[in-house]
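Raw contents of work-v2.txt, compact mmCIF, C-alpha atoms:
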# COMPACT_ATOMS: atom_id res chain seq x y z
CA MET Z 1 -65.57 40.99 14.59
CA TRP Z 2 -66.78 44.43 15.55
CA ILE Z 3 -68.70 47.11 13.65
CA TYR Z 4 -68.38 50.79 14.55
CA GLU Z 5 -71.59 52.61 15.31
CA LYS Z 6 -71.20 56.35 14.69
CA LYS Z 7 -72.75 57.53 17.96
CA LEU Z 8 -71.91 57.60 21.65
CA GLN Z 9 -73.69 55.23 24.02
CA TYR Z 10 -74.62 58.22 26.22
CA PRO Z 11 -74.29 61.98 25.63
CA ALA Z 12 -70.88 63.13 26.92
CA LYS Z 13 -71.38 66.56 28.47
CA VAL Z 14 -68.69 68.69 30.10
CA GLY Z 15 -70.52 71.98 30.81
CA LYS Z 16 -68.11 74.42 32.44
CA ALA Z 17 -65.89 71.74 33.96
CA ASN Z 18 -62.41 72.73 35.08
CA LEU Z 19 -59.55 71.79 32.77
CA LYS Z 20 -57.89 70.07 35.73
CA MET Z 21 -60.60 67.40 35.45
CA ALA Z 22 -59.05 66.26 32.14
CA LYS Z 23 -55.93 65.19 34.04
CA TYR Z 24 -58.04 63.19 36.50
CA LEU Z 25 -60.48 61.75 33.92
CA ILE Z 26 -57.70 60.34 31.76
CA THR Z 27 -57.19 57.62 34.37
CA GLN Z 28 -60.46 56.05 33.25
CA TYR Z 29 -58.98 56.00 29.75
CA GLY Z 30 -55.56 54.46 30.42
CA GLY Z 31 -55.31 53.90 34.18
CA PRO Z 32 -55.35 50.61 36.13
CA ASP Z 33 -59.12 50.57 36.72
CA GLY Z 34 -60.02 52.36 33.49
CA GLU Z 35 -62.13 51.36 30.51
CA LEU Z 36 -59.21 50.15 28.35
CA SER Z 37 -58.17 47.74 31.10
CA ALA Z 38 -61.76 46.56 31.45
CA ALA Z 39 -62.41 46.03 27.73
CA LEU Z 40 -59.12 44.24 27.05
CA ARG Z 41 -59.40 42.11 30.20
CA TYR Z 42 -62.91 40.83 29.44
CA LEU Z 43 -62.50 40.34 25.70
CA ASN Z 44 -59.28 38.39 26.32
CA GLN Z 45 -60.70 36.18 29.09
CA ARG Z 46 -63.52 34.91 26.83
CA TYR Z 47 -61.44 32.22 25.18
CA SER Z 48 -60.87 30.15 28.30
CA MET Z 49 -64.44 30.33 29.59
CA PRO Z 50 -66.33 27.02 29.97
CA THR Z 51 -69.98 28.11 29.60
CA ASN Z 52 -72.05 29.99 27.04
CA VAL Z 53 -73.19 32.40 29.76
CA THR Z 54 -69.62 33.47 30.54
CA LYS Z 55 -68.58 33.64 26.87
CA GLY Z 56 -71.62 35.84 26.19
CA ILE Z 57 -71.36 38.14 29.18
CA LEU Z 58 -67.61 38.78 28.68
CA THR Z 59 -68.17 39.51 24.98
CA ASP Z 60 -71.04 41.92 25.64
CA ILE Z 61 -69.62 43.70 28.69
CA GLY Z 62 -66.18 43.88 27.00
CA THR Z 63 -67.84 45.53 24.01
CA GLU Z 64 -69.78 47.95 26.22
CA GLU Z 65 -66.50 48.98 27.90
CA LEU Z 66 -65.20 50.04 24.47
CA ALA Z 67 -68.25 52.33 24.22
CA HIS Z 68 -67.37 53.74 27.66
CA LEU Z 69 -63.75 54.26 26.54
CA GLU Z 70 -65.16 56.45 23.76
CA ILE Z 71 -67.26 58.48 26.23
CA ILE Z 72 -64.22 59.16 28.43
CA ALA Z 73 -62.18 60.07 25.34
CA THR Z 74 -64.90 62.51 24.30
CA LEU Z 75 -64.97 64.18 27.74
CA VAL Z 76 -61.18 64.65 27.75
CA TYR Z 77 -61.15 65.77 24.10
CA LYS Z 78 -63.79 68.42 24.82
CA LEU Z 79 -62.00 69.69 27.92
CA VAL Z 80 -58.58 70.16 26.28
CA LYS Z 81 -59.37 71.06 22.66
CA ASP Z 82 -59.59 74.84 23.11
CA ALA Z 83 -57.18 75.20 26.02
CA SER Z 84 -54.10 77.39 25.61
CA VAL Z 85 -50.63 76.06 26.45
CA ALA Z 86 -50.58 78.32 29.53
CA GLU Z 87 -53.92 76.88 30.69
CA LEU Z 88 -52.71 73.31 30.12
CA LYS Z 89 -49.58 74.09 32.14
CA ALA Z 90 -51.61 75.63 34.96
CA ALA Z 91 -53.86 72.53 35.06
CA GLY Z 92 -50.87 70.21 35.51
CA LEU Z 93 -50.96 69.08 31.88
CA GLY Z 94 -47.61 70.65 30.88
CA SER Z 95 -45.86 67.29 30.78
CA HIS Z 96 -48.75 65.79 28.81
CA TYR Z 97 -48.41 68.67 26.33
CA ALA Z 98 -44.67 68.00 25.99
CA ASP Z 99 -45.26 64.35 25.07
CA HIS Z 100 -48.63 64.46 23.27
CA ASP Z 101 -49.77 68.06 22.61
CA ARG Z 102 -53.58 67.87 23.07
CA ALA Z 103 -53.78 64.30 21.75
CA LEU Z 104 -55.30 61.58 23.90
CA PHE Z 105 -53.04 58.91 25.29
CA TYR Z 106 -53.51 55.82 27.45
CA VAL Z 107 -52.14 57.08 30.76
CA ASP Z 108 -53.30 57.27 34.37
CA ALA Z 109 -53.86 60.54 36.28
CA GLU Z 110 -50.08 60.72 36.99
CA GLY Z 111 -49.15 60.21 33.33
CA ASN Z 112 -47.99 56.57 33.67
CA PRO Z 113 -48.62 54.64 30.44
CA TRP Z 114 -51.15 51.81 30.32
CA THR Z 115 -49.65 48.37 30.88
CA ALA Z 116 -50.96 44.84 30.42
CA ALA Z 117 -49.67 44.27 33.97
CA TYR Z 118 -52.96 45.90 35.10
CA ILE Z 119 -54.92 42.88 33.91
CA GLN Z 120 -54.75 39.11 34.11
CA ALA Z 121 -56.16 35.99 32.49
CA LYS Z 122 -55.57 33.00 34.73
CA GLY Z 123 -57.40 30.39 32.70
CA ASP Z 124 -59.36 29.50 35.83
CA PRO Z 125 -62.89 30.84 35.22
CA VAL Z 126 -63.62 31.39 38.92
CA ALA Z 127 -60.36 33.31 39.45
CA ASP Z 128 -61.00 35.38 36.32
CA LEU Z 129 -64.60 36.23 37.23
CA ILE Z 130 -63.57 37.24 40.76
CA GLU Z 131 -60.96 39.55 39.19
CA ASP Z 132 -63.75 40.98 37.01
CA LEU Z 133 -65.99 41.58 40.03
CA ALA Z 134 -63.13 43.42 41.78
CA ALA Z 135 -62.44 45.41 38.59
CA GLU Z 136 -66.06 46.58 38.44
CA LYS Z 137 -65.98 47.66 42.11
CA LYS Z 138 -62.72 49.55 41.59
CA ALA Z 139 -64.06 51.26 38.48
CA GLU Z 140 -67.25 52.21 40.35
CA ALA Z 141 -65.14 53.70 43.18
CA THR Z 142 -62.98 55.62 40.68
CA TYR Z 143 -66.10 57.16 39.11
CA GLN Z 144 -67.30 58.18 42.58
CA TRP Z 145 -63.95 59.82 43.39
CA LEU Z 146 -64.08 61.65 40.03
CA ILE Z 147 -67.63 62.86 40.78
CA ASP Z 148 -66.32 64.15 44.14
CA LEU Z 149 -63.57 66.09 42.31
CA THR Z 150 -65.94 68.18 40.15
CA ASP Z 151 -68.74 70.69 40.71
CA ASP Z 152 -69.91 70.57 37.11
CA PRO Z 153 -73.46 69.11 36.95
CA ASP Z 154 -73.14 68.00 33.29
CA LEU Z 155 -69.90 66.14 33.92
CA LYS Z 156 -71.32 64.63 37.12
CA ASP Z 157 -74.30 63.34 35.11
CA THR Z 158 -72.12 61.57 32.53
CA LEU Z 159 -69.79 60.14 35.19
CA ASN Z 160 -72.74 58.94 37.25
CA TYR Z 161 -74.14 57.11 34.23
CA LEU Z 162 -70.79 55.32 33.84
CA ARG Z 163 -70.63 54.60 37.60
CA VAL Z 164 -74.05 52.95 37.57
CA ARG Z 165 -73.10 50.79 34.56
CA GLU Z 166 -70.30 49.29 36.68
CA ILE Z 167 -72.89 48.31 39.30
CA VAL Z 168 -74.93 46.50 36.63
CA HIS Z 169 -71.81 44.74 35.31
CA PHE Z 170 -70.92 43.65 38.86
CA GLN Z 171 -74.38 42.12 39.22
CA ARG Z 172 -74.12 40.24 35.90
CA PHE Z 173 -70.60 38.95 36.65
CA GLY Z 174 -71.83 37.75 40.05
CA GLU Z 175 -74.62 35.77 38.37
CA ALA Z 176 -72.15 34.36 35.82
CA LEU Z 177 -69.82 33.29 38.68
CA ASP Z 178 -72.67 31.44 40.44
CA LEU Z 179 -73.54 29.63 37.19
CA VAL Z 180 -69.89 28.65 36.56
CA GLN Z 181 -69.61 27.23 40.06
CA GLU Z 182 -72.86 25.27 39.58
CA HIS Z 183 -71.49 24.00 36.26
CA GLN Z 184 -68.24 22.87 37.92
CA ALA Z 185 -70.10 21.19 40.80
CA ALA Z 186 -72.38 19.34 38.34
CA LYS Z 187 -69.34 18.05 36.42
CA LYS Z 188 -67.87 16.56 39.62
CA ILE Z 189 -71.13 14.77 40.55
CA PHE Z 190 -71.88 13.14 37.22
CA MET Q 1 -76.20 69.80 15.04
CA LEU Q 2 -79.90 70.65 14.82
CA ARG Q 3 -82.01 70.30 17.94
CA GLU Q 4 -84.35 67.88 16.13
CA GLN Q 5 -81.42 65.70 15.10
CA LEU Q 6 -80.03 65.69 18.63
CA GLU Q 7 -83.45 64.73 20.05
CA LEU Q 8 -83.78 61.83 17.64
CA LEU Q 9 -80.23 60.73 18.46
CA ASN Q 10 -81.05 60.88 22.18
CA ASN Q 11 -84.14 58.73 21.58
CA ILE Q 12 -82.04 56.16 19.70
CA GLN Q 13 -79.50 56.17 22.54
CA ALA Q 14 -82.31 55.59 25.06
CA VAL Q 15 -83.86 52.69 23.13
CA GLU Q 16 -80.47 51.14 22.46
CA PHE Q 17 -79.71 51.39 26.17
CA THR Q 18 -82.91 49.49 26.97
CA ALA Q 19 -81.91 46.80 24.47
CA LEU Q 20 -78.38 46.55 25.92
CA GLU Q 21 -79.69 46.22 29.48
CA LEU Q 22 -81.97 43.38 28.38
CA ASN Q 23 -79.13 41.82 26.36
CA LEU Q 24 -76.85 41.64 29.44
CA TYR Q 25 -79.73 40.43 31.62
CA LEU Q 26 -80.58 37.69 29.10
CA ASP Q 27 -76.94 36.55 28.99
CA THR Q 28 -77.35 35.34 32.58
CA HIS Q 29 -81.14 34.63 32.42
CA PRO Q 30 -81.46 33.02 28.96
CA THR Q 31 -84.87 31.41 29.60
CA ASP Q 32 -86.73 34.53 30.76
CA GLN Q 33 -89.55 34.69 28.16
CA ARG Q 34 -90.79 38.11 29.20
CA ALA Q 35 -87.30 39.61 28.87
CA ILE Q 36 -86.95 38.07 25.39
CA MET Q 37 -90.26 39.68 24.39
CA ASP Q 38 -89.18 43.04 25.83
CA TYR Q 39 -85.84 42.74 24.04
CA ASN Q 40 -87.51 42.06 20.69
CA ALA Q 41 -89.93 44.96 21.21
CA SER Q 42 -87.07 47.34 22.02
CA LEU Q 43 -85.26 46.26 18.85
CA GLN Q 44 -88.34 46.97 16.74
CA GLU Q 45 -88.51 50.50 18.14
CA TRP Q 46 -84.74 50.84 17.62
CA GLN Q 47 -85.11 49.86 13.94
CA ARG Q 48 -87.97 52.30 13.47
CA LEU Q 49 -86.06 55.28 14.92
CA ARG Q 50 -82.82 54.34 13.17
CA GLU Q 51 -84.52 54.28 9.77
CA ILE Q 52 -85.86 57.82 10.30
CA TYR Q 53 -82.45 59.07 11.47
CA VAL Q 54 -80.44 57.47 8.67
CA GLN Q 55 -82.81 58.77 6.01
CA ARG Q 56 -82.67 62.33 7.36
CA TYR Q 57 -79.12 62.71 8.65
CA GLY Q 58 -76.90 59.94 7.29
CA PRO Q 59 -75.54 56.55 8.31
CA LEU Q 60 -74.98 55.35 11.86
CA LEU Q 61 -73.36 52.15 10.59
CA PRO Q 62 -71.17 51.84 7.48
CA THR Q 63 -73.71 49.28 6.24
CA ASP Q 64 -76.66 51.73 6.37
CA ILE Q 65 -77.92 52.36 2.84
CA VAL Q 66 -77.99 56.09 2.07
CA GLU Q 67 -78.85 57.65 -1.28
CA GLY Q 68 -76.58 60.34 -2.67
CA ALA Q 69 -73.65 61.13 -4.92
CA SER Q 70 -71.03 61.35 -2.18
CA TRP Q 71 -69.82 59.06 0.63
CA LYS Q 72 -71.77 60.24 3.68
CA TRP Q 73 -70.09 58.00 6.27
CA ILE Q 74 -67.09 60.29 6.82
CA GLU Q 75 -69.12 63.51 7.10
CA GLU Q 76 -69.14 65.54 10.31
CA PRO Q 77 -70.04 65.47 13.06
CA TRP Q 78 -68.21 62.49 14.49
CA PRO Q 79 -69.58 61.45 17.90
CA TRP Q 80 -66.94 63.31 19.93
CA GLU Q 81 -67.62 66.55 18.02
CA ILE Q 82 -71.29 66.88 18.98
CA ASP Q 83 -72.45 69.42 21.58
CA TYR Q 84 -74.91 67.30 23.56

What's the structure tokens form of this structure?
Amino acid sequence: MWIYEKKLQYPAKVGKANLKMAKYLITQYGGPDGELSAALRYLNQRYSMPTNVTKGILTDIGTEELAHLEIIATLVYKLVKDASVAELKAAGLGSHYADHDRALFYVDAEGNPWTAAYIQAKGDPVADLIEDLAAEKKAEATYQWLIDLTDDPDLKDTLNYLRVREIVHFQRFGEALDLVQEHQAAKKIF
Amino acid sequence: MLREQLELLNNIQAVEFTALELNLYLDTHPTDQRAIMDYNASLQEWQRLREIYVQRYGPLLPTDIVEGASWKWIEEPWPWEIDY
């Protein structure tokens, strides 16, 4: 089960960020390499994992990704909440307004809806952990591209925090992969 | 939100971050005694700060015990409404 904690993991600051950033940031909400993909991928892969290390790390990183999903949601919410329809239209969010008003939705930067086709569970722990390593690298790159797209120091700070978390997750998944491979090799010997 | 409340919240976020980092590290290094000690110490500090916050400003978890005639859990601000 999960319990909601009524706080963000890290302060989500937008400063004077351009409204156009909302259109780009939403990809980390509902895009291929976004936080929803990450959380659902990891939490779903847990069930076919062979070791306690992998069950634990997927549970805990999957849960942390839900906290990151909330940070991204907060950034987008803050950027669009006071925008006029004309401003939304000028920022390329006219089609989003037509479908969702200022509500959040799980879409990528082009407006494509989130799909389970973004993620996989192969049942092979090595294949799944290598997918997770790639996912962390892609998410890290996305955060870097988003940082490149803004001049706002507050937004850069929040995005950089999220970028660095992906580096930590990559490290932990790499360690989990090594341990799974040792576990598999030990099973063959004995 | 008051500056004092925001500062306390930031301190809780910082301590909880330390605990989470150690949690993930311990998942893949479960026999590291020093990390277990650091993790337990960070949780003690987390509990201490949380108790102060909950008493002054209201629950962070639905299970936090708060005195009062009304249901504090749903009161503003929700996390996305705070000016950090």

Self-check item: chain Z residues near chain Q (9 Å cut-off, only C-alpha atoms) as a ChimeraX atom specification
Solution: /Z:3-13,52-54,56-57,60-61,64,70-71,73-75,77-78,168-169,172-173,175-176,179

Using all atoms of range 15-22 of chain Q listed in the file and a margin of 8 Å per side, can you give the axis-aligned box centre and edge lengths in Å to one decimal, as JSON?
{"center_x": -81.1, "center_y": 48.0, "center_z": 26.0, "size_x": 21.5, "size_y": 25.3, "size_z": 23.0}

Self-check item: Shell around Gly174 in chain Z at 10 Å using only C-alpha atoms, local window under 6 positions removed, as a PyMOL selection string
Solution: (chain Z and resi 129-130+132-133+168+180) or (chain Q and resi 28)

Quiz prompt | Nearest to Lys89 in chain Z by atom-to-atom distance, counting all atoms listed in the file, from Z:Leu162, Z:Lys187, Z:Pro50, Z:Lys20 | solution =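 The answer is Z:Lys20, which sits nearest to Lys89 in chain Z.
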
Practice problem: Have a look at CA of Trp46 in chain Q and CA of Arg3 in chain Q and let me know their distance in Å, one decimal. | Solution: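 So the answer is 19.7 Å.
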
Quiz item: Distance CA of Ala109 in chain Z-CA of Leu43 in chain Z, one decimal place?
Solution: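 Taking CA of Ala109 in chain Z and CA of Leu43 in chain Z, their separation equals 24.4 Å.
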
Exercise. Find the residues around Leu22 in chain Q up to 8 Å (all atoms listed in the file counted), leave out those fewer than 3 positions away in its own chain, and share them as a PyMOL selection string.
Key: chain Q and resi 18-19+25-26+35-36+38-39

Quiz item: Any idea what the distance is between CA of Glu87 in chain Z and CA of Ala17 in chain Z?
Solution: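 Between CA of Glu87 in chain Z and CA of Ala17 in chain Z the gap is 13.4 Å.
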
Could you give me, as an mmCIF file with C-alpha atoms, keeping the file's coordinate frame, the residues within 6 Å of Met49 in chain Z, counting only C-alpha atoms and dropping anything in the same chain fewer than 3 positions from it?
data_model
loop_
_atom_site.group_PDB
_atom_site.id
_atom_site.type_symbol
_atom_site.label_atom_id
_atom_site.label_comp_id
_atom_site.auth_asym_id
_atom_site.auth_seq_id
_atom_site.Cartn_x
_atom_site.Cartn_y
_atom_site.Cartn_z
ATOM 1 C CA ARG Z 46 -63.520 34.910 26.830
ATOM 2 C CA LYS Z 55 -68.580 33.640 26.870
ATOM 3 C CA PRO Z 125 -62.890 30.840 35.220
#

Quiz prompt | Option closest in space to Asn40 in chain Q, from Q:Tyr57, Q:Val15, Q:Asp64, Q:Ala69 [counting only C-alpha atoms] | solution =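 The closest residue to Asn40 in chain Q is Q:Val15.
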
Quiz item: Counting all atoms listed in the file, what is within 6 Å of Ala22 in chain Z, bar same-chain residues fewer than 3 positions away, as a list in words?
Solution: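 That gives Leu19, Leu25 and Val76 of chain Z.
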
Based on the selection just made, write C-alpha atoms of those residues as an mmCIF file, keeping the file's coordinate frame.
data_model
loop_
_atom_site.group_PDB
_atom_site.id
_atom_site.type_symbol
_atom_site.label_atom_id
_atom_site.label_comp_id
_atom_site.auth_asym_id
_atom_site.auth_seq_id
_atom_site.Cartn_x
_atom_site.Cartn_y
_atom_site.Cartn_z
ATOM 1 C CA LEU Z 19 -59.550 71.790 32.770
ATOM 2 C CA LEU Z 25 -60.480 61.750 33.920
ATOM 3 C CA VAL Z 76 -61.180 64.650 27.750
#

Self-check item: For Tyr106 in chain Z, the nearest of the candidates Z:Ala121, Z:Ala186, Z:Ile72, Z:Ala127, counting all atoms listed in the file
Solution: Z:Ile72

Self-check item: Polymer residues at most 8 Å from Leu159 in chain Z, only C-alpha atoms, same-chain spacing of 3 or more positions, as number ranges by chain
Solution: Z: 143, 146-147, 155-156, 162-163
